[in-house]
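Below is structure-v3.cif, holding mmCIF, C-alpha atoms.
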data_run
loop_
_atom_site.label_atom_id
_atom_site.label_comp_id
_atom_site.auth_asym_id
_atom_site.auth_seq_id
_atom_site.Cartn_x
_atom_site.Cartn_y
_atom_site.Cartn_z
CA MET A 1270 0.00 0.00 0.00
CA ALA A 1271 1.21 3.54 -0.63
CA VAL A 1272 0.48 6.87 1.03
CA ARG A 1273 -2.08 8.72 -1.07
CA VAL A 1274 -4.01 11.83 -0.11
CA ARG A 1275 -7.04 13.56 -1.59
CA VAL A 1276 -6.05 16.82 -3.25
CA LYS A 1277 -7.75 19.66 -5.06
CA LEU A 1278 -5.99 21.35 -7.96
CA LYS A 1279 -6.75 24.42 -10.02
CA PRO A 1280 -4.87 26.64 -12.44
CA LEU A 1281 -3.75 30.00 -11.06
CA GLU A 1282 -6.35 32.73 -11.52
CA GLU A 1283 -9.13 30.14 -12.06
CA GLU A 1284 -12.00 29.35 -9.70
CA SER A 1285 -12.86 25.68 -10.41
CA TRP A 1286 -11.04 22.92 -8.54
CA ILE A 1287 -10.54 19.32 -9.69
CA GLU A 1288 -10.41 16.74 -6.92
CA THR A 1289 -8.26 13.62 -7.26
CA SER A 1290 -5.76 11.59 -5.26
CA ALA A 1291 -2.01 12.07 -5.17
CA LEU A 1292 0.81 9.72 -4.32
CA ILE A 1293 3.32 10.96 -1.73
CA ASN A 1294 6.66 10.03 -3.27
CA SER A 1295 9.56 10.42 -0.84
CA GLY A 1296 11.92 9.42 -3.65
CA TYR A 1297 10.79 12.45 -5.66
CA GLU A 1298 13.31 14.94 -4.35
CA ALA A 1299 12.81 18.59 -5.27
CA ASP A 1300 14.15 21.96 -4.18
CA LYS A 1301 10.77 23.67 -4.55
CA PRO A 1302 7.12 22.63 -4.17
CA GLU A 1303 6.66 20.42 -7.23
CA VAL A 1304 4.01 18.07 -8.49
CA VAL A 1305 3.97 15.74 -11.49
CA ILE A 1306 0.61 15.45 -13.19
CA PRO A 1307 -0.45 13.12 -15.99
CA LEU A 1308 -1.07 14.61 -19.44
CA ALA A 1309 -4.77 13.68 -19.21
CA LEU A 1310 -5.15 15.75 -16.03
CA ALA A 1311 -3.27 18.68 -17.59
CA ARG A 1312 -5.83 18.59 -20.40
CA SER A 1313 -8.74 18.44 -17.93
CA LEU A 1314 -7.30 21.49 -16.19
CA ASN A 1315 -6.96 23.26 -19.58
CA LEU A 1316 -3.27 23.89 -19.03
CA SER A 1317 -1.44 25.14 -22.08
CA LEU A 1318 1.71 23.17 -22.85
CA SER A 1319 2.87 25.58 -25.56
CA GLY A 1320 5.21 27.46 -23.23
CA ALA A 1321 6.52 24.35 -21.45
CA THR A 1322 10.21 23.54 -21.42
CA LEU A 1323 11.45 19.97 -21.65
CA GLU A 1324 13.40 18.72 -18.63
CA GLU A 1325 15.26 15.46 -18.29
CA ARG A 1326 14.27 13.87 -14.97
CA ALA A 1327 14.70 10.57 -13.19
CA THR A 1328 11.33 8.82 -13.01
CA PRO A 1329 10.20 5.51 -11.48
CA ILE A 1330 10.58 3.90 -14.93
CA GLY A 1331 13.94 5.47 -15.74
CA SER A 1332 15.18 8.76 -17.11
CA GLY A 1333 12.73 10.69 -19.27
CA GLU A 1334 11.59 14.09 -20.47
CA LEU A 1335 8.82 15.92 -18.68
CA ARG A 1336 7.20 19.21 -19.64
CA TYR A 1337 7.91 21.89 -17.06
CA LEU A 1338 5.28 24.62 -16.71
CA GLY A 1339 6.70 26.49 -13.73
CA GLU A 1340 4.36 27.72 -11.01
CA ALA A 1341 1.06 26.94 -12.73
CA LEU A 1342 -1.33 25.41 -10.16
CA GLU A 1343 -2.69 25.75 -6.68
CA LEU A 1344 -2.97 22.55 -4.64
CA LYS A 1345 -4.50 21.73 -1.28
CA VAL A 1346 -5.09 18.52 0.66
CA SER A 1347 -8.74 17.79 1.38
CA CYS A 1348 -9.84 15.42 4.18
CA GLU A 1349 -13.14 14.54 5.78
CA GLU A 1350 -12.98 17.32 8.38
CA ARG A 1351 -10.09 19.43 7.22
CA GLU A 1352 -8.56 21.19 4.24
CA THR A 1353 -5.11 22.76 4.04
CA LYS A 1354 -4.52 26.21 2.67
CA ALA A 1355 -3.81 26.37 -1.06
CA TYR A 1356 -0.15 26.21 -2.10
CA ARG A 1357 1.23 27.47 -5.40
CA VAL A 1358 3.10 24.58 -7.01
CA HIS A 1359 5.54 24.07 -9.85
CA VAL A 1360 4.14 21.62 -12.40
CA LEU A 1361 5.73 18.88 -14.48
CA VAL A 1362 3.51 17.10 -17.01
CA SER A 1363 4.15 13.46 -17.85
CA GLU A 1364 2.87 11.45 -20.79
CA TYR A 1365 3.72 8.21 -18.98
CA GLU A 1366 2.71 8.73 -15.37
CA HIS A 1367 -0.96 8.09 -14.61
CA GLU A 1368 -1.12 9.42 -11.05
CA VAL A 1369 -0.42 12.79 -9.46
CA LEU A 1370 2.95 12.67 -7.66
CA ILE A 1371 3.79 14.95 -4.74
CA SER A 1372 7.47 15.75 -4.16
CA ASP A 1373 9.21 15.50 -0.80
CA TYR A 1374 9.40 19.29 -0.62
CA LEU A 1375 5.66 19.75 -1.23
CA ALA A 1376 4.73 16.98 1.23
CA GLY A 1377 6.74 18.86 3.85
CA GLU A 1378 5.01 22.15 3.02
CA LEU A 1379 1.62 20.43 3.32
CA GLY A 1380 2.57 19.16 6.80
CA ILE A 1381 2.20 15.49 5.88
CA ALA A 1382 3.81 12.95 8.20
CA VAL A 1383 4.07 9.41 6.85
CA GLU A 1384 3.45 6.96 9.69
CA ASP A 1385 3.35 3.53 8.00
CA LEU A 1386 4.37 3.00 4.39
CA ARG A 1387 3.12 -0.59 4.26
CA GLU A 1388 -0.36 0.37 5.45
CA GLY A 1389 -0.33 3.78 3.78
CA LEU A 1390 -1.07 5.54 7.06
CA TRP A 1391 -0.36 9.23 7.50
CA ARG A 1392 -1.35 12.28 9.53
CA PHE A 1393 -0.75 16.02 9.56
CA ARG A 1394 2.28 16.96 11.68
CA ASP A 1395 0.15 19.17 13.94
CA GLU A 1396 -2.15 16.26 14.83
CA PRO A 1397 -1.66 13.82 17.72
CA LEU A 1398 0.39 10.70 16.96
CA SER A 1399 -2.77 8.65 17.52
CA LYS A 1400 -4.58 10.41 14.63
CA LEU A 1401 -3.81 8.01 11.78
CA ARG A 1402 -5.42 8.56 8.40
CA ARG A 1403 -6.07 5.83 5.84
CA PRO A 1404 -4.75 6.30 2.31
CA ALA A 1405 -7.00 7.69 -0.40
CA LYS A 1406 -8.02 5.40 -3.24
CA PRO A 1407 -5.78 5.81 -6.28
CA ALA A 1408 -7.07 7.90 -9.18
CA TYR A 1409 -5.58 7.08 -12.57
CA TRP A 1410 -5.60 9.65 -15.36
CA LEU A 1411 -5.32 7.75 -18.61
CA THR A 1412 -4.87 9.47 -21.95
CA ALA A 1413 -7.61 8.58 -24.40
#

For the structure just supplied, provide its representation as structure tokens.
Amino acid sequence: MAVRVRVKLKPLEEESWIETSALINSGYEADKPEVVIPLALARSLNLSLSGATLEERATPIGSGELRYLGEALELKVSCEERETKAYRVHVLVSEYEHEVLISDYLAGELGIAVEDLREGLWRFRDEPLSKLRRPAKPAYWLTA
């Protein structure tokens, strides 16, 4: 099982949010709040890829090129009784990844504490150690 959280995403300056799940990937090391989104989700969010730059990155399936959009989205974690503030995030778009991936940097900004990787349990850092949250169901964004 993996640690997945429910998130809401929206382009900057837009009003409508899309809700999905995101995989917390501690192996996705970044020096700024980054998120990888599948191409199908980028299309659903009406993100323009025309100004994207290609970046060579290490991915779970090897080295590959991702489209870098810069700071293009707002993201927040949404739980049953709680929602984080919205964070502006740098976006990489992948043709091969089918889930939203949250970098180590962004997970830290969101206050996420991973408690059990095998069970997918997590909590917010400001919550008691006994407050364990179950992982969200995966949401796969497949290109048609």

Carefully work through the PyMOL selection byres ((chain A and resi 1276) around 8) for this structure and note down the residues it includes, as a PyMOL selection string.
-> chain A and resi 1274-1275+1277-1278+1288-1291+1344-1347

Pick from A:Leu1338, A:Val1304, A:Leu1390, A:Cys1348: nearest to A:Gly1320, with all atoms listed in the file counted?
-> A:Leu1338

Please write as a CSV table (one decimal) with C-alpha atoms, keeping the file's coordinate frame the full residue list that the PyMOL selection byres ((chain A and resi 1356) around 7) yields on this file.
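Saved to expr_6.csv:
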chain,number,residue,atom,x,y,z
A,1343,GLU,CA,-2.7,25.8,-6.7
A,1344,LEU,CA,-3.0,22.6,-4.6
A,1345,LYS,CA,-4.5,21.7,-1.3
A,1354,LYS,CA,-4.5,26.2,2.7
A,1355,ALA,CA,-3.8,26.4,-1.1
A,1357,ARG,CA,1.2,27.5,-5.4
A,1358,VAL,CA,3.1,24.6,-7.0

Run the PyMOL selection byres ((chain A and resi 1408) around 9) on the file and write out the hits as a ChimeraX atom specification.
-> /A:1289-1291,1367-1369,1405-1407,1409-1410

Can you tell me, as a VMD selection string, which residues sit within 10 Å of (-4.4, 21.6, -15.8) in the file's frame, using all atoms listed in the file?
-> chain A and resid 1278 to 1281 1286 to 1287 1306 to 1318 1341 to 1342 1360 1362

Close residues, A:Asp1395 itself excluded, 10 Å, all atoms listed in the file, min 5 positions apart in chain, as number ranges by chain = A: 1380-1382, 1400

Would you mind reading off the distance between atom CA of A:Arg1394 and atom CA of A:Glu1349, one decimal, in Å?
-> 16.7 Å

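Among the candidate residues A:Ser1363, A:Ser1399, A:Thr1412, A:Asn1294, the one lying nearest to A:Leu1323 is A:Ser1363, with distances computed using all atoms listed in the file.
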
Using all atoms listed in the file, which residues sit within 9 Å of A:Pro1302 once same-chain residues fewer than 2 positions away are excluded, as a VMD selection string?
-> chain A and resid 1299 to 1300 1304 1340 1356 to 1360 1371 to 1378

Quick one: distance from atom CA of A:Tyr1365 to atom CA of A:Glu1298 in Å, one decimal?
-> 18.7 Å

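Coordinates place atom CA of A:Leu1379 at a distance of 8.0 Å from atom CA of A:Phe1393.
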
In terms of the shortest atom-to-atom distance over all atoms listed in the file, which of A:Leu1361, A:Leu1335, A:Ile1293, A:Leu1370 is closest to A:Trp1391?
-> A:Ile1293

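Of the residues listed (A:Gly1389, A:Gly1296, A:Pro1397, A:Gly1339), A:Gly1389 shows the shortest atom-to-atom separation from A:Met1270; distances use all atoms listed in the file.
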
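Closest to A:Tyr1297 among A:Asp1385, A:Ala1327, A:Leu1411, A:Arg1403 is A:Ala1327, based on only C-alpha atoms.
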
Axis-aligned box over every listed atom of stretch 1273-1286 of chain A, padded by 5 Å per side: centre and edges in Å to one decimal, as JSON?
{"center_x": -7.5, "center_y": 20.7, "center_z": -6.3, "size_x": 20.8, "size_y": 34.0, "size_z": 22.3}
